[in-house]
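The structure file protein-v5.cif is reproduced below (mmCIF, C-alpha atoms).
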data_upload
#
loop_
_atom_site.label_atom_id
_atom_site.label_comp_id
_atom_site.auth_asym_id
_atom_site.auth_seq_id
_atom_site.Cartn_x
_atom_site.Cartn_y
_atom_site.Cartn_z
CA LEU A 1093 -11.61 22.44 -12.54
CA PRO A 1094 -11.18 19.11 -14.33
CA MET A 1095 -14.23 17.20 -15.49
CA GLY A 1096 -13.67 13.99 -13.58
CA ARG A 1097 -13.20 10.91 -15.73
CA LYS A 1098 -12.87 12.94 -18.92
CA LEU A 1099 -9.54 14.43 -17.90
CA GLY A 1100 -7.61 11.46 -16.64
CA LYS A 1101 -7.14 7.76 -17.05
CA LYS A 1102 -9.36 5.87 -14.68
CA THR A 1103 -7.34 3.86 -12.21
CA THR A 1104 -8.27 0.95 -10.02
CA ASN A 1105 -8.62 1.14 -6.27
CA ASN A 1106 -5.39 -0.83 -5.87
CA ASP A 1107 -3.53 1.61 -8.13
CA ASN A 1108 -4.71 4.57 -6.08
CA ASN A 1109 -4.01 2.93 -2.77
CA LYS A 1110 -0.45 2.07 -3.88
CA ARG A 1111 0.08 5.62 -5.10
CA ILE A 1112 -1.24 7.11 -1.86
CA ALA A 1113 0.83 4.70 0.24
CA HIS A 1114 3.94 5.71 -1.70
CA ARG A 1115 3.27 9.40 -1.11
CA ILE A 1116 2.73 9.65 2.62
CA ASP A 1117 6.30 9.98 3.85
CA CYS A 1118 5.84 13.55 5.06
CA TRP A 1119 2.54 12.63 6.69
CA ASP A 1120 3.99 9.55 8.38
CA LEU A 1121 6.70 11.79 9.79
CA THR A 1122 4.13 14.37 10.91
CA ASP A 1123 1.97 11.75 12.57
CA SER A 1124 4.93 10.23 14.40
CA ILE A 1125 6.10 13.59 15.80
CA LEU A 1126 2.94 15.67 16.24
CA GLY A 1127 2.17 16.04 19.93
CA LYS A 1128 5.56 14.65 20.94
CA SER A 1129 7.77 17.63 20.03
CA ASP A 1130 7.34 21.01 21.75
CA ARG A 1131 7.71 23.07 18.56
CA ILE A 1132 6.79 21.86 15.10
CA LEU A 1133 6.56 23.83 11.88
CA LEU A 1134 4.59 22.44 8.93
CA TRP A 1135 5.36 24.25 5.70
CA GLY A 1136 4.57 23.97 2.00
CA VAL A 1137 2.03 25.08 -0.59
CA SER A 1138 -1.50 25.89 0.57
CA GLY A 1139 -4.33 23.39 0.50
CA THR A 1140 -2.46 20.22 1.50
CA GLY A 1141 -3.96 19.69 4.97
CA LYS A 1142 -1.36 21.40 7.17
CA SER A 1143 -3.84 23.39 9.25
CA TRP A 1144 -6.18 20.44 9.68
CA ALA A 1145 -3.32 18.30 10.98
CA ALA A 1146 -2.13 21.09 13.29
CA ARG A 1147 -5.59 21.49 14.82
CA ARG A 1148 -6.67 17.84 14.98
CA GLY A 1149 -3.66 15.54 14.79
CA ASN A 1150 -2.78 13.49 17.90
CA LEU A 1151 -4.70 15.75 20.27
CA ASN A 1152 -5.79 12.86 22.49
CA GLY A 1153 -8.68 14.91 23.85
CA GLY A 1154 -6.57 17.96 24.70
CA ASP A 1155 -7.55 21.56 24.13
CA VAL A 1156 -6.26 23.55 21.19
CA PHE A 1157 -6.12 27.31 20.65
CA SER A 1158 -5.72 28.43 17.05
CA VAL A 1159 -4.81 31.82 15.56
CA SER A 1160 -4.25 32.90 11.95
CA LEU A 1161 -1.62 35.63 11.85
CA THR A 1162 -1.64 38.70 9.61
CA ASP A 1163 0.65 41.64 8.96
CA ASP A 1164 -1.50 43.63 11.39
CA THR A 1165 -1.80 41.12 14.25
CA PRO A 1166 -0.56 42.91 17.39
CA ALA A 1167 1.19 41.21 20.26
CA ALA A 1168 -1.69 42.26 22.55
CA GLU A 1169 -4.09 40.05 20.58
CA LEU A 1170 -1.88 37.04 21.30
CA ARG A 1171 -0.79 37.91 24.83
CA GLY A 1172 -3.95 39.49 26.25
CA HIS A 1173 -5.15 42.93 27.26
CA TYR A 1174 -7.36 44.92 29.60
CA SER A 1175 -10.98 45.22 28.54
CA LEU A 1176 -14.14 46.72 29.98
CA VAL A 1177 -16.15 43.94 31.63
CA ASP A 1178 -19.28 44.67 33.66
CA GLY A 1179 -18.33 48.29 34.11
CA SER A 1180 -14.69 47.81 35.11
CA TYR A 1181 -11.44 47.02 33.34
CA LYS A 1182 -10.25 43.45 33.71
CA TRP A 1183 -7.32 41.55 32.33
CA LEU A 1184 -8.24 39.03 29.61
CA ASP A 1185 -5.73 36.39 28.53
CA GLY A 1186 -5.00 36.00 24.83
CA PRO A 1187 -4.70 32.58 23.15
CA CYS A 1188 -0.95 32.22 23.71
CA VAL A 1189 -1.16 32.92 27.43
CA THR A 1190 -4.25 30.72 27.77
CA ALA A 1191 -2.44 27.83 26.09
CA TRP A 1192 0.51 28.37 28.44
CA ARG A 1193 -1.74 28.26 31.49
CA LYS A 1194 -3.66 25.17 30.35
CA GLY A 1195 -0.63 23.26 29.09
CA CYS A 1196 -2.19 22.50 25.73
CA ARG A 1197 -1.63 22.96 22.00
CA LEU A 1198 -1.20 26.36 20.39
CA VAL A 1199 -1.66 26.49 16.61
CA LEU A 1200 -0.37 29.49 14.67
CA ASN A 1201 -1.22 29.60 10.99
CA GLU A 1202 0.45 31.85 8.39
CA LEU A 1203 3.53 32.25 10.58
CA GLU A 1204 5.44 34.09 7.84
CA LYS A 1205 2.84 36.89 7.97
CA ALA A 1206 3.37 37.72 11.64
CA SER A 1207 3.92 41.42 12.26
CA GLY A 1208 7.14 42.64 13.84
CA ASP A 1209 5.27 43.28 17.08
CA ALA A 1210 3.85 39.77 17.12
CA GLN A 1211 7.18 38.17 16.18
CA THR A 1212 8.98 39.76 19.12
CA PHE A 1213 6.34 38.46 21.53
CA LEU A 1214 6.33 34.99 19.96
CA LEU A 1215 10.09 34.62 20.40
CA GLY A 1216 9.41 34.47 24.14
CA ILE A 1217 6.45 32.13 23.76
CA PHE A 1218 8.56 29.76 21.65
CA ASP A 1219 11.60 29.85 23.92
CA TYR A 1220 12.91 26.69 25.58
CA PHE A 1221 10.09 25.82 27.92
CA GLU A 1222 12.41 25.03 30.81
CA ILE A 1223 13.42 28.71 30.98
CA ALA A 1224 10.46 30.44 29.32
CA GLN A 1225 8.47 32.99 31.31
CA GLN A 1226 6.45 36.12 30.63
CA THR A 1227 5.60 39.05 32.87
CA LEU A 1228 2.18 40.31 31.83
CA PRO A 1229 1.08 43.97 31.86
CA ASN A 1230 -0.98 43.20 34.98
CA GLY A 1231 2.25 42.35 36.85
CA GLU A 1232 1.75 38.58 36.92
CA THR A 1233 4.67 36.38 35.85
CA ILE A 1234 3.71 33.09 34.25
CA LYS A 1235 5.45 30.01 32.88
CA PRO A 1236 4.17 27.39 30.43
CA GLN A 1237 2.54 24.42 32.09
CA THR A 1238 3.45 20.83 31.30
CA GLY A 1239 1.90 19.73 28.02
CA PHE A 1240 2.16 23.08 26.23
CA HIS A 1241 3.35 22.73 22.66
CA VAL A 1242 3.25 24.76 19.45
CA VAL A 1243 2.34 23.69 15.93
CA ALA A 1244 2.84 26.43 13.35
CA THR A 1245 2.05 26.39 9.64
CA MET A 1246 3.17 28.49 6.71
CA ASN A 1247 2.98 28.47 2.92
CA GLY A 1248 6.45 29.81 2.24
CA SER A 1249 9.91 28.49 3.01
CA PRO A 1250 11.03 28.82 6.64
CA ASP A 1251 14.65 29.38 5.64
CA ASN A 1252 13.73 32.18 3.24
CA ASP A 1253 10.66 33.77 4.79
CA LEU A 1254 11.29 33.76 8.54
CA VAL A 1255 13.76 35.93 10.42
CA PRO A 1256 16.62 33.80 11.76
CA ALA A 1257 15.59 34.07 15.41
CA LEU A 1258 12.04 32.90 14.66
CA ARG A 1259 13.27 30.11 12.39
CA ASP A 1260 15.60 28.94 15.14
CA ARG A 1261 12.66 28.46 17.50
CA PHE A 1262 11.47 25.49 15.40
CA PRO A 1263 13.99 22.65 15.56
CA VAL A 1264 11.43 20.45 13.79
CA ALA A 1265 10.28 21.73 10.38
CA ILE A 1266 8.48 19.31 8.06
CA HIS A 1267 8.00 20.07 4.39
CA ILE A 1268 4.46 19.00 3.51
CA ASN A 1269 4.83 18.25 -0.18
CA GLU A 1270 1.89 15.89 -0.61
CA ILE A 1271 -1.86 16.06 -0.06
CA ALA A 1272 -2.98 14.46 3.20
CA PRO A 1273 -3.89 10.80 2.44
CA ALA A 1274 -7.04 11.02 4.56
CA ALA A 1275 -8.23 13.94 2.44
CA LEU A 1276 -7.59 12.07 -0.81
CA LEU A 1277 -9.53 9.07 0.42
CA GLN A 1278 -12.62 11.27 0.81
CA LEU A 1279 -12.71 11.60 -2.98
CA PRO A 1280 -13.88 8.90 -5.42
CA GLU A 1281 -11.22 6.71 -6.99
CA TYR A 1282 -11.13 8.44 -10.36
CA LEU A 1283 -10.32 11.85 -8.83
CA ARG A 1284 -7.55 10.86 -6.43
CA ASN A 1285 -4.63 10.85 -8.85
CA LEU A 1286 -5.75 14.15 -10.35
CA ALA A 1287 -6.18 15.78 -6.95
CA SER A 1288 -2.88 14.40 -5.68
CA ASN A 1289 -0.94 15.83 -8.62
CA ALA A 1290 -2.79 19.11 -9.10
CA GLY A 1291 -2.75 19.96 -5.39
CA ILE A 1292 1.04 20.27 -5.07
CA ILE A 1293 1.92 22.26 -8.19
CA ASN A 1294 4.15 25.21 -7.25
CA ASN A 1295 2.47 27.53 -9.74
CA ASP A 1296 -0.33 29.29 -7.84
CA GLN A 1297 -2.37 29.80 -11.00
CA ARG A 1298 -2.31 26.12 -11.91
CA ARG A 1299 -2.56 24.54 -8.49
CA ILE A 1300 -5.97 23.13 -7.52
CA SER A 1301 -6.18 22.57 -3.78
CA ILE A 1302 -7.91 19.69 -2.04
CA ARG A 1303 -10.57 22.17 -0.92
CA SER A 1304 -11.47 22.83 -4.55
CA TRP A 1305 -11.59 19.12 -5.35
CA ASN A 1306 -13.87 18.46 -2.40
CA GLU A 1307 -16.20 21.26 -3.45
CA PHE A 1308 -16.15 20.09 -7.08
CA TYR A 1309 -17.17 16.59 -6.00
CA ARG A 1310 -19.88 17.92 -3.69
CA LEU A 1311 -21.34 20.18 -6.37
CA SER A 1312 -21.17 17.50 -9.05
CA ASN A 1313 -23.34 15.28 -6.85
CA ILE A 1314 -25.84 18.06 -6.17
CA LEU A 1315 -26.02 19.34 -9.75
CA LYS A 1316 -25.74 15.88 -11.33
CA SER A 1317 -23.19 17.32 -13.75
CA GLU A 1318 -19.41 17.45 -13.43
CA GLU A 1319 -19.09 20.04 -16.18
CA ILE A 1320 -21.52 22.49 -14.54
CA ALA A 1321 -19.92 21.88 -11.13
CA ALA A 1322 -16.47 22.65 -12.54
CA LYS A 1323 -17.62 25.90 -14.15
CA ARG A 1324 -19.45 27.07 -11.04
CA ARG A 1325 -16.53 26.25 -8.78
CA SER A 1326 -13.69 27.67 -10.86
CA GLY A 1327 -15.21 30.31 -13.12
CA GLU A 1328 -12.83 31.19 -15.99
CA ARG A 1329 -9.98 29.09 -14.62
#

Go ahead and express the file in the form of structure tokens.
Amino acid sequence: LPMGRKLGKKTTNNDNNKRIAHRIDCWDLTDSILGKSDRILLWGVSGTGKSWAARRGNLNGGDVFSVSLTDDTPAAELRGHYSLVDGSYKWLDGPCVTAWRKGCRLVLNELEKASGDAQTFLLGIFDYFEIAQQTLPNGETIKPQTGFHVVATMNGSPDNDLVPALRDRFPVAIHINEIAPAALLQLPEYLRNLASNAGIINNDQRRISIRSWNEFYRLSNILKSEEIAAKRRSGER
């Protein structure tokens, strides 16, 4: 990690605020649409604030159910399944079905990693909500309630890394190519430019996410040394 002031020209608060204001186009767009569109996909390099925005942005007190997908995530984990409860098997809703019933936000992170089994199920969950319905293994047929909406995130490119049918389910896809302004403002002035630039580098080996900058700043305050904090946070990097 960088050593704070030693690695970059110190800028004034006005300089940083102008720079941050100039770089929030994707976040302005996200803020204006989040919670108003039924299906939104936020994509771009990791560590920019996509998942935070998906889970917290414009919730207005509503519930949110969040799942991080993997290559092994089965459809049953998302839909629901029978499980032994108090000595007998009972149907338990998964997060997708629960969000449908409650009419609230469903957040799916790492969408590009969804297994084939999960993808097939999600095509139905993401269908046009006016016609969407699912018949569960317990025989019940359900439809999404008013207010249900999906916010998905991914680190790759939706056009390259999603199968066409899944990509088509997201008419709104926003490329998050800047660090969230609110996250940058949590850092001291002299780190904001560095964090803003280093956090969006396409090279995985060179990119330093906002999470790393936050931890660097926290450790530097605890250890009273930016150099020690950088070494402890990033090792040989």

Given the PyMOL selection byres ((chain A and resi 1133) around 12), the residues it picks as a PyMOL selection string: chain A and resi 1122+1125-1126+1129-1132+1134-1136+1142-1143+1145-1146+1198-1204+1218+1241-1251+1254+1258-1268

Two-atom distance - atom CA of Arg1303 of chain A, atom CA of Ala1206 of chain A (Å): 24.4 Å

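When all atoms listed in the file are used to measure the gap to Ala1257 of chain A, the shortest distance among A:Thr1212, A:Gln1278, A:Asn1306, A:Gln1297 belongs to A:Thr1212.
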
Shell of 12 Å around Ala1275 of chain A, all atoms listed in the file, local chain residues under 2 positions omitted, as a PyMOL selection string: chain A and resi 1112+1116+1119+1139-1142+1144-1145+1270-1273+1277-1280+1283-1284+1287-1288+1291+1301-1306

Between atom CA of Ile1300 of chain A and atom CA of Ser1207 of chain A - distance in Å to one decimal: 28.7 Å

Interatomic distance (Å, one decimal) between atom CA of Gly1186 of chain A and atom CA of His1173 of chain A: 7.3 Å

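Nearest to Phe1221 of chain A of all the residues A:Val1177, A:Ala1274, A:Cys1118, A:Ile1234 is A:Ile1234, based on only C-alpha atoms.
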
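Residues having any atom no farther than 12 Å from (10.1, 35.5, 30.8) (counting all atoms listed in the file) are Phe1213, Leu1214, Leu1215, Gly1216, Ile1217, Phe1218, Asp1219, Tyr1220, Phe1221, Glu1222, Ile1223, Ala1224, Gln1225, Gln1226, Thr1227, Leu1228, Glu1232, Thr1233, Ile1234, Lys1235 and Pro1236 of chain A.
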
Within-12 Å shell of (2.8, 17.4, 29.9) in input frame, only C-alpha atoms, as a ChimeraX atom specification: /A:1127-1130,1154,1192-1197,1221,1236-1241

Expected axis-aligned box over every listed atom of segment 1126-1129 of chain A, 8 Å added per side, centre plus edges in Å to one decimal, as lines of an AutoDock Vina configuration file:
center_x = 5.0
center_y = 16.1
center_z = 18.6
size_x = 21.6
size_y = 19.0
size_z = 20.7

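Nearest-residue note for Ser1158 of chain A: choosing from A:Ser1138, A:Ser1180, A:Thr1190, A:Ser1175, the minimum distance belongs to A:Thr1190, counting all atoms listed in the file.
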
Distance criterion (all atoms listed in the file): nearest to Pro1256 of chain A out of A:Pro1187, A:Phe1308, A:Gln1211, A:Ala1168: A:Gln1211
